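Enquirer: One file: target24.cif (mmCIF, C-alpha atoms).
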```cif
data_model
loop_
_atom_site.label_atom_id
_atom_site.label_comp_id
_atom_site.auth_asym_id
_atom_site.auth_seq_id
_atom_site.Cartn_x
_atom_site.Cartn_y
_atom_site.Cartn_z
CA MET A 1 -6.26 -0.16 15.07
CA LYS A 2 -8.23 -3.41 14.73
CA ILE A 3 -5.76 -4.71 12.12
CA LYS A 4 -2.87 -4.12 14.53
CA ASN A 5 -4.65 -6.20 17.19
CA VAL A 6 -5.22 -8.99 14.66
CA LEU A 7 -1.53 -8.97 13.74
CA LEU A 8 -0.49 -9.21 17.39
CA SER A 9 -2.87 -12.14 17.91
CA VAL A 10 -1.49 -13.92 14.84
CA VAL A 11 2.11 -13.45 15.99
CA GLY A 12 1.24 -14.74 19.47
CA THR A 13 -0.46 -17.80 18.00
CA LEU A 14 2.50 -18.59 15.75
CA LEU A 15 4.86 -18.59 18.71
CA VAL A 16 3.00 -21.47 20.39
CA ILE A 17 2.16 -23.66 17.36
CA PRO A 18 4.55 -26.61 17.06
CA ALA A 19 6.74 -26.68 13.94
CA TYR A 20 6.10 -29.39 11.34
CA ALA A 21 7.44 -28.24 7.98
CA ALA A 22 10.86 -27.18 6.72
CA THR A 23 12.00 -23.78 5.47
CA GLN A 24 11.84 -25.26 1.97
CA ASP A 25 8.10 -24.51 1.98
CA ILE A 26 8.91 -20.86 2.81
CA LYS A 27 11.50 -20.65 0.03
CA SER A 28 8.92 -22.06 -2.37
CA VAL A 29 6.63 -19.12 -1.49
CA ASN A 30 9.53 -16.70 -2.00
CA ASN A 31 10.33 -18.05 -5.48
CA GLN A 32 7.04 -17.34 -7.17
CA VAL A 33 5.24 -15.29 -9.79
CA GLY A 34 1.75 -14.30 -8.74
CA LEU A 35 -1.54 -12.75 -9.82
CA GLN A 36 -4.00 -11.46 -7.24
CA LEU A 37 -7.44 -9.91 -7.34
CA THR A 38 -7.55 -7.00 -4.91
CA THR A 39 -9.84 -4.39 -3.44
CA ILE A 40 -8.62 -1.26 -1.68
CA ASP A 41 -10.73 0.22 1.09
CA VAL A 42 -9.85 3.92 0.62
CA ASP A 43 -10.06 6.21 3.67
CA TYR A 44 -8.93 9.76 2.80
CA LEU A 45 -9.50 12.93 4.85
CA GLU A 46 -8.54 16.59 4.42
CA LYS A 47 -8.52 18.84 7.48
CA GLU A 48 -7.61 22.44 8.22
CA SER A 49 -7.23 23.75 11.81
CA GLY A 50 -8.99 20.62 13.09
CA GLU A 51 -11.98 21.11 10.76
CA LYS A 52 -12.95 18.51 8.14
CA LEU A 53 -12.88 19.85 4.59
CA ASP A 54 -13.55 16.76 2.47
CA SER A 55 -13.17 13.00 2.52
CA GLU A 56 -13.36 9.99 0.23
CA GLY A 57 -14.03 6.38 1.06
CA GLY A 58 -15.06 3.10 -0.49
CA HIS A 59 -13.84 -0.15 -2.03
CA VAL A 60 -11.95 0.11 -5.32
CA PRO A 61 -11.37 -3.23 -7.15
CA GLY A 62 -8.25 -4.15 -9.10
CA PHE A 63 -5.35 -6.58 -9.44
CA SER A 64 -1.66 -6.98 -8.68
CA LEU A 65 1.21 -8.77 -10.41
CA SER A 66 4.31 -9.82 -8.47
CA LEU A 67 7.59 -11.63 -8.88
CA SER A 68 9.54 -12.87 -5.88
CA LEU A 69 12.99 -14.51 -5.83
CA MET A 70 15.09 -15.96 -3.01
CA LYS A 71 18.45 -17.13 -4.32
CA ASP A 72 22.10 -17.17 -3.24
CA VAL A 73 23.30 -14.20 -5.30
CA LEU A 74 25.36 -11.82 -3.16
CA PHE A 75 24.81 -13.67 0.10
CA THR A 76 22.76 -16.64 1.30
CA ASN A 77 19.00 -16.34 0.76
CA ASP A 78 19.04 -13.00 -1.07
CA TYR A 79 15.45 -11.80 -1.40
CA PHE A 80 14.06 -9.79 -4.34
CA HIS A 81 10.44 -8.74 -4.76
CA VAL A 82 8.84 -6.54 -7.42
CA GLU A 83 5.13 -5.71 -7.59
CA TYR A 84 2.71 -3.73 -9.75
CA SER A 85 -0.89 -3.04 -8.81
CA ARG A 86 -3.78 -1.13 -10.35
CA ASN A 87 -7.25 -0.46 -8.94
CA LYS A 88 -10.03 1.39 -10.71
CA GLY A 89 -13.57 2.22 -9.61
CA HIS A 90 -15.49 4.77 -7.57
CA THR A 91 -15.45 6.23 -4.07
CA ASP A 92 -18.00 8.19 -2.06
CA TYR A 93 -17.02 11.87 -1.84
CA VAL A 94 -18.14 14.15 0.99
CA GLY A 95 -17.11 17.82 0.85
CA GLN A 96 -18.40 21.34 0.63
CA TYR A 97 -19.05 24.03 -1.96
CA ILE A 98 -16.41 26.72 -2.57
CA SER A 99 -19.07 29.32 -1.80
CA GLY A 100 -19.68 27.74 1.61
CA GLY A 101 -22.09 25.35 3.26
CA GLY A 102 -19.74 23.41 5.48
CA TYR A 103 -18.49 19.82 5.43
CA GLY A 104 -21.22 17.42 4.30
CA SER A 105 -23.13 19.93 2.18
CA LEU A 106 -21.75 18.28 -0.97
CA LYS A 107 -21.93 14.53 -1.58
CA ASP A 108 -21.08 12.73 -4.79
CA SER A 109 -19.56 9.62 -6.37
CA SER A 110 -15.97 10.10 -7.51
CA LYS A 111 -13.93 8.14 -10.02
CA ALA A 112 -10.73 6.65 -8.60
CA LYS A 113 -7.68 5.00 -10.13
CA LEU A 114 -4.75 3.90 -7.95
CA THR A 115 -1.45 2.65 -9.37
CA ASP A 116 1.53 1.37 -7.37
CA TYR A 117 5.01 0.08 -8.20
CA SER A 118 7.46 -1.27 -5.63
CA PHE A 119 10.79 -3.08 -5.39
CA ARG A 120 12.46 -4.57 -2.34
CA TYR A 121 15.71 -6.31 -1.54
CA GLY A 122 16.46 -8.25 1.62
CA LYS A 123 18.19 -11.25 3.11
CA GLY A 124 16.49 -14.23 4.71
CA PHE A 125 17.65 -15.75 7.99
CA GLU A 126 16.56 -19.29 8.78
CA LEU A 127 15.63 -19.53 12.47
CA GLY A 128 14.98 -23.17 13.17
CA GLU A 129 13.40 -25.61 10.74
CA SER A 130 10.18 -23.74 9.99
CA PHE A 131 10.75 -20.04 10.62
CA MET A 132 12.40 -17.38 8.48
CA LEU A 133 13.01 -13.70 9.19
CA THR A 134 13.79 -11.43 6.20
CA PRO A 135 14.78 -7.78 6.82
CA TYR A 136 14.49 -5.69 3.65
CA ALA A 137 14.75 -2.24 2.09
CA GLU A 138 11.98 -1.05 -0.21
CA ILE A 139 11.34 1.76 -2.67
CA GLY A 140 8.09 2.48 -4.50
CA GLN A 141 5.77 4.93 -6.21
CA HIS A 142 2.07 5.64 -5.67
CA GLU A 143 -0.40 7.52 -7.90
CA TRP A 144 -4.03 8.33 -7.19
CA GLU A 145 -6.28 9.90 -9.80
CA ARG A 146 -9.33 11.47 -8.15
CA GLY A 147 -12.44 12.33 -10.11
CA VAL A 148 -13.49 15.30 -7.95
CA ASN A 149 -13.97 18.68 -9.65
CA ASP A 150 -12.24 18.47 -13.06
CA GLY A 151 -9.82 15.83 -11.78
CA GLU A 152 -6.89 15.75 -9.36
CA THR A 153 -3.82 13.51 -9.40
CA TYR A 154 -1.65 12.82 -6.36
CA LYS A 155 1.77 11.24 -6.71
CA ASN A 156 4.44 10.26 -4.23
CA LYS A 157 7.42 7.97 -3.90
CA TRP A 158 8.46 6.20 -0.73
CA TRP A 159 11.38 4.38 0.80
CA GLY A 160 11.19 2.10 3.79
CA LEU A 161 12.85 -0.54 5.95
CA GLY A 162 10.87 -3.58 6.92
CA VAL A 163 10.87 -7.17 8.03
CA LEU A 164 8.97 -10.19 6.72
CA ALA A 165 8.40 -13.01 9.24
CA GLN A 166 7.29 -16.34 7.75
CA TYR A 167 6.29 -19.51 9.55
CA SER A 168 5.26 -22.92 8.24
CA PRO A 169 3.14 -24.63 10.94
CA ILE A 170 2.16 -27.54 8.67
CA GLN A 171 3.49 -28.90 5.41
CA LYS A 172 2.67 -26.81 2.30
CA PHE A 173 1.22 -23.92 4.34
CA VAL A 174 3.06 -20.67 5.15
CA VAL A 175 1.87 -17.71 7.20
CA GLY A 176 3.56 -14.32 6.74
CA VAL A 177 3.56 -11.16 8.85
CA ASP A 178 5.03 -8.06 7.19
CA ALA A 179 5.82 -4.63 8.68
CA MET A 180 7.53 -1.60 7.12
CA LEU A 181 8.34 1.94 8.30
CA GLY A 182 9.64 4.68 5.99
CA ARG A 183 9.16 8.16 4.52
CA THR A 184 7.38 9.58 1.50
CA PHE A 185 9.21 11.94 -0.86
CA ASP A 186 8.67 13.77 -4.16
CA SER A 187 4.97 14.22 -3.32
CA LYS A 188 3.01 16.26 -5.88
CA ILE A 189 -0.50 17.30 -6.84
CA ASP A 190 -1.88 18.17 -10.28
CA VAL A 191 -5.29 19.87 -10.18
CA LYS A 192 -7.07 20.05 -13.54
CA GLY A 193 -9.45 22.69 -14.90
CA SER A 194 -9.75 26.46 -14.62
CA TYR A 195 -9.09 26.25 -10.87
CA GLY A 196 -6.10 24.01 -11.49
CA PHE A 197 -2.49 24.22 -10.40
CA ASN A 198 0.58 22.01 -9.93
CA ASP A 199 2.55 22.00 -6.70
CA SER A 200 4.64 19.95 -4.32
CA LEU A 201 3.18 18.45 -1.15
CA GLY A 202 4.84 17.86 2.19
CA LYS A 203 6.59 14.62 3.18
CA SER A 204 5.45 12.27 5.94
CA ASP A 205 6.17 9.02 7.71
CA ILE A 206 4.63 5.96 6.08
CA TYR A 207 4.01 2.61 7.67
CA ARG A 208 2.51 -0.63 6.46
CA VAL A 209 1.52 -3.86 8.24
CA GLY A 210 0.11 -7.00 6.69
CA ILE A 211 -0.66 -10.69 7.11
CA SER A 212 -0.84 -13.39 4.46
CA GLY A 213 -1.35 -17.09 3.99
CA ASP A 214 -0.07 -19.32 1.16
CA TYR A 215 -0.96 -22.95 0.45
CA ALA A 216 0.81 -25.13 -2.13
CA ILE A 217 -1.96 -26.96 -3.99
CA THR A 218 0.64 -28.80 -6.08
CA GLU A 219 4.43 -28.61 -6.30
CA HIS A 220 4.18 -25.45 -8.40
CA ILE A 221 0.62 -24.06 -8.03
CA HIS A 222 -0.13 -21.96 -4.93
CA ALA A 223 -3.24 -20.25 -3.57
CA ASN A 224 -2.89 -17.22 -1.32
CA VAL A 225 -4.80 -14.56 0.61
CA GLY A 226 -3.69 -11.46 2.47
CA VAL A 227 -4.52 -8.03 3.85
CA ASP A 228 -2.28 -4.93 4.04
CA TYR A 229 -2.85 -1.67 5.89
CA VAL A 230 -0.91 1.49 4.96
CA ASN A 231 -0.93 4.92 6.60
CA TYR A 232 0.67 8.17 5.36
CA LYS A 233 -0.03 11.89 4.92
CA TYR A 234 0.28 14.66 2.34
CA GLY A 235 1.53 17.96 3.71
CA LYS A 236 0.05 21.32 2.76
CA SER A 237 1.03 22.79 -0.62
CA GLY A 238 2.07 26.36 -1.35
CA TYR A 239 -0.36 29.10 -2.42
CA ASN A 240 -1.18 29.21 -6.14
CA GLU A 241 -2.95 31.68 -8.41
CA VAL A 242 -5.50 30.02 -10.74
CA ALA A 243 -6.88 31.06 -14.11
CA ALA A 244 -10.50 31.24 -12.96
CA ASP A 245 -9.79 33.55 -10.02
CA PRO A 246 -6.49 35.45 -10.46
CA GLY A 247 -7.13 37.66 -7.46
CA TYR A 248 -7.29 34.74 -5.02
CA LEU A 249 -4.72 32.12 -3.98
CA TYR A 250 -5.59 28.42 -3.81
CA TYR A 251 -3.78 25.61 -2.02
CA GLU A 252 -4.03 21.92 -1.14
CA PRO A 253 -4.56 21.38 2.63
CA ASN A 254 -3.05 18.71 4.87
CA SER A 255 -4.53 15.25 4.39
CA LYS A 256 -4.31 11.75 5.81
CA THR A 257 -4.65 8.46 3.93
CA GLU A 258 -5.41 5.04 5.43
CA ASN A 259 -5.79 2.35 2.77
CA THR A 260 -6.55 -1.31 3.50
CA THR A 261 -5.98 -3.79 0.65
CA PHE A 262 -7.57 -7.24 0.59
CA LYS A 263 -5.96 -9.83 -1.73
CA ILE A 264 -6.74 -13.30 -3.06
CA GLY A 265 -4.83 -14.99 -5.85
CA VAL A 266 -2.71 -17.74 -7.31
CA GLY A 267 0.98 -18.17 -7.89
CA TYR A 268 3.44 -20.35 -9.79
CA SER A 269 6.45 -21.48 -7.80
CA PHE A 270 9.71 -22.31 -9.57
#
```
Let's see the structure in the file written out as structure tokens.
Expert:
Amino acid sequence: MKIKNVLLSVVGTLLVIPAYAATQDIKSVNNQVGLQLTTIDVDYLEKESGEKLDSEGGHVPGFSLSLSLMKDVLFTNDYFHVEYSRNKGHTDYVGQYISGGGYGSLKDSSKAKLTDYSFRYGKGFELGESFMLTPYAEIGQHEWERGVNDGETYKNKWWGLGVLAQYSPIQKFVVGVDAMLGRTFDSKIDVKGSYGFNDSLGKSDIYRVGISGDYAITEHIHANVGVDYVNYKYGKSGYNEVAADPGYLYYEPNSKTENTTFKIGVGYSF
């Protein structure tokens, strides 16, 4: 919730700052290849009938590569953006033993690897000399490899509709506010080991909000920072028989994910 309040404050500030620079600075940001160092603050929780079953949390470091284009292709200011990110590290796991003990009776460090791909297309609208609004459609894929038990892998795709608002209050500097709302689909889980199974997971709404800042150090070299917050869920799986316990059915419960990604990097504008 704190990130939402920050975003509202940023938007309010932008509305009262006088305009100095032209939309050319914004287009320079949108025609760029970039490399960013990132860290994802993972916040994952499984619950059943209001009771906590297990959770994972912690900062997982990584990087992202992106390519952004804003050209007159089909229309004026067509916007294309493709991004790949990978984060690898450890999280703090809190759970419980299969034999009982309740939430918190089991604590451990869990390996984590998160991989994301996304593509978006939109169209930019120049509103005044220093403000641009770009509605877009996005599609992407997320994968999370957990180290708990013998290993679990979650996968899902998503589609969404969003808008990118960019403002240049001073020359060479651009502030961006991004918001997207969509749905997950093709969600799956692959549980390894003798208690393992493969199954589909339920769909959910997904939303993302973010803020960013970009400064042109030279005509082509840019420095940038940003933070994104994403929220989605995995629905309960079906019941599955496992090799280690054929007389009992296992399933994946409902879960909620809230990931916050912090970014800092450089870009080359062309």
Enquirer: For the structure provided, state which residues fall under the PyMOL selection byres ((chain A and resi 209) around 9), and present them as a PDB file with C-alpha atoms, keeping the file's coordinate frame.
Expert:
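Written file, selection17.pdb:
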```
ATOM      1  CA  ILE A   3      -5.760  -4.710  12.120  1.00  0.00           C
ATOM      2  CA  LYS A   4      -2.870  -4.120  14.530  1.00  0.00           C
ATOM      3  CA  LEU A   7      -1.530  -8.970  13.740  1.00  0.00           C
ATOM      4  CA  VAL A 177       3.560 -11.160   8.850  1.00  0.00           C
ATOM      5  CA  ASP A 178       5.030  -8.060   7.190  1.00  0.00           C
ATOM      6  CA  ALA A 179       5.820  -4.630   8.680  1.00  0.00           C
ATOM      7  CA  MET A 180       7.530  -1.600   7.120  1.00  0.00           C
ATOM      8  CA  LEU A 181       8.340   1.940   8.300  1.00  0.00           C
ATOM      9  CA  TYR A 207       4.010   2.610   7.670  1.00  0.00           C
ATOM     10  CA  ARG A 208       2.510  -0.630   6.460  1.00  0.00           C
ATOM     11  CA  GLY A 210       0.110  -7.000   6.690  1.00  0.00           C
ATOM     12  CA  ILE A 211      -0.660 -10.690   7.110  1.00  0.00           C
ATOM     13  CA  VAL A 227      -4.520  -8.030   3.850  1.00  0.00           C
ATOM     14  CA  ASP A 228      -2.280  -4.930   4.040  1.00  0.00           C
ATOM     15  CA  TYR A 229      -2.850  -1.670   5.890  1.00  0.00           C
ATOM     16  CA  VAL A 230      -0.910   1.490   4.960  1.00  0.00           C
TER      17      VAL A 230
END
```
Enquirer: Using only C-alpha atoms, list the residues that have an atom at most 10 Å from (-6.4, 5.9, -9.0), coordinates as in the file, as a ChimeraX atom specification.
Expert: /A:60,86-90,111-116,142-147,152-154
Enquirer: What separation in Å, quoted to one decimal, exists between atom CA of A:Asn156 and atom CA of A:Lys107?
Expert: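 A separation of 26.8 Å between them.
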Enquirer: With only C-alpha atoms as the basis for distance, which of A:Leu37, A:Ala223, A:Val148, A:Leu69 is at the shortest distance from A:His81?
Expert: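 The shortest atom-to-atom distance to A:His81 comes from A:Leu69.
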Enquirer: Sort by chain and increasing residue number a table of all residues of stretch 20-53 of chain A within 8 Å of stretch 91-105 of chain A, each with its closest pair of atoms and their distance in Å to one decimal, counting all atoms listed in the file, and write it as CSV.
Expert:
```
residue,atom,partner,partner_atom,distance
A:Val42,CA,A:Thr91,CA,7.7
A:Lys52,CA,A:Tyr103,CA,6.3
A:Leu53,CA,A:Tyr103,CA,5.7
```
Enquirer: Hey, can you spit out that residue selection with C-alpha atoms as a PDB file, in the frame of the given file?
Expert:
```
ATOM      1  CA  VAL A  42      -9.850   3.920   0.620  1.00  0.00           C
ATOM      2  CA  LYS A  52     -12.950  18.510   8.140  1.00  0.00           C
ATOM      3  CA  LEU A  53     -12.880  19.850   4.590  1.00  0.00           C
TER       4      LEU A  53
END
```
Enquirer: Which residues are near A:Lys47? Cut-off 9 Å, only C-alpha atoms, ignore same chain within fewer than 6 positions. Put them as an MDAnalysis selection string.
Expert: chainID A and resid 53:55 253:256
Enquirer: Find the residues near A:Tyr248: any atom within 12 Å, counting only C-alpha atoms, skip ones fewer than 5 places away on the same chain, and give them as a PDB file with C-alpha atoms, in the frame of the given file.
Expert:
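So the final result, stored in result.pdb, reads:
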```pdb
ATOM      1  CA  TYR A 195      -9.090  26.250 -10.870  1.00  0.00           C
ATOM      2  CA  TYR A 239      -0.360  29.100  -2.420  1.00  0.00           C
ATOM      3  CA  ASN A 240      -1.180  29.210  -6.140  1.00  0.00           C
ATOM      4  CA  GLU A 241      -2.950  31.680  -8.410  1.00  0.00           C
ATOM      5  CA  VAL A 242      -5.500  30.020 -10.740  1.00  0.00           C
ATOM      6  CA  ALA A 243      -6.880  31.060 -14.110  1.00  0.00           C
TER       7      ALA A 243
END
```
Enquirer: Quick one: distance from atom CA of A:Lys192 to atom CA of A:Thr39 in Å, one decimal?
Expert: 26.6 Å
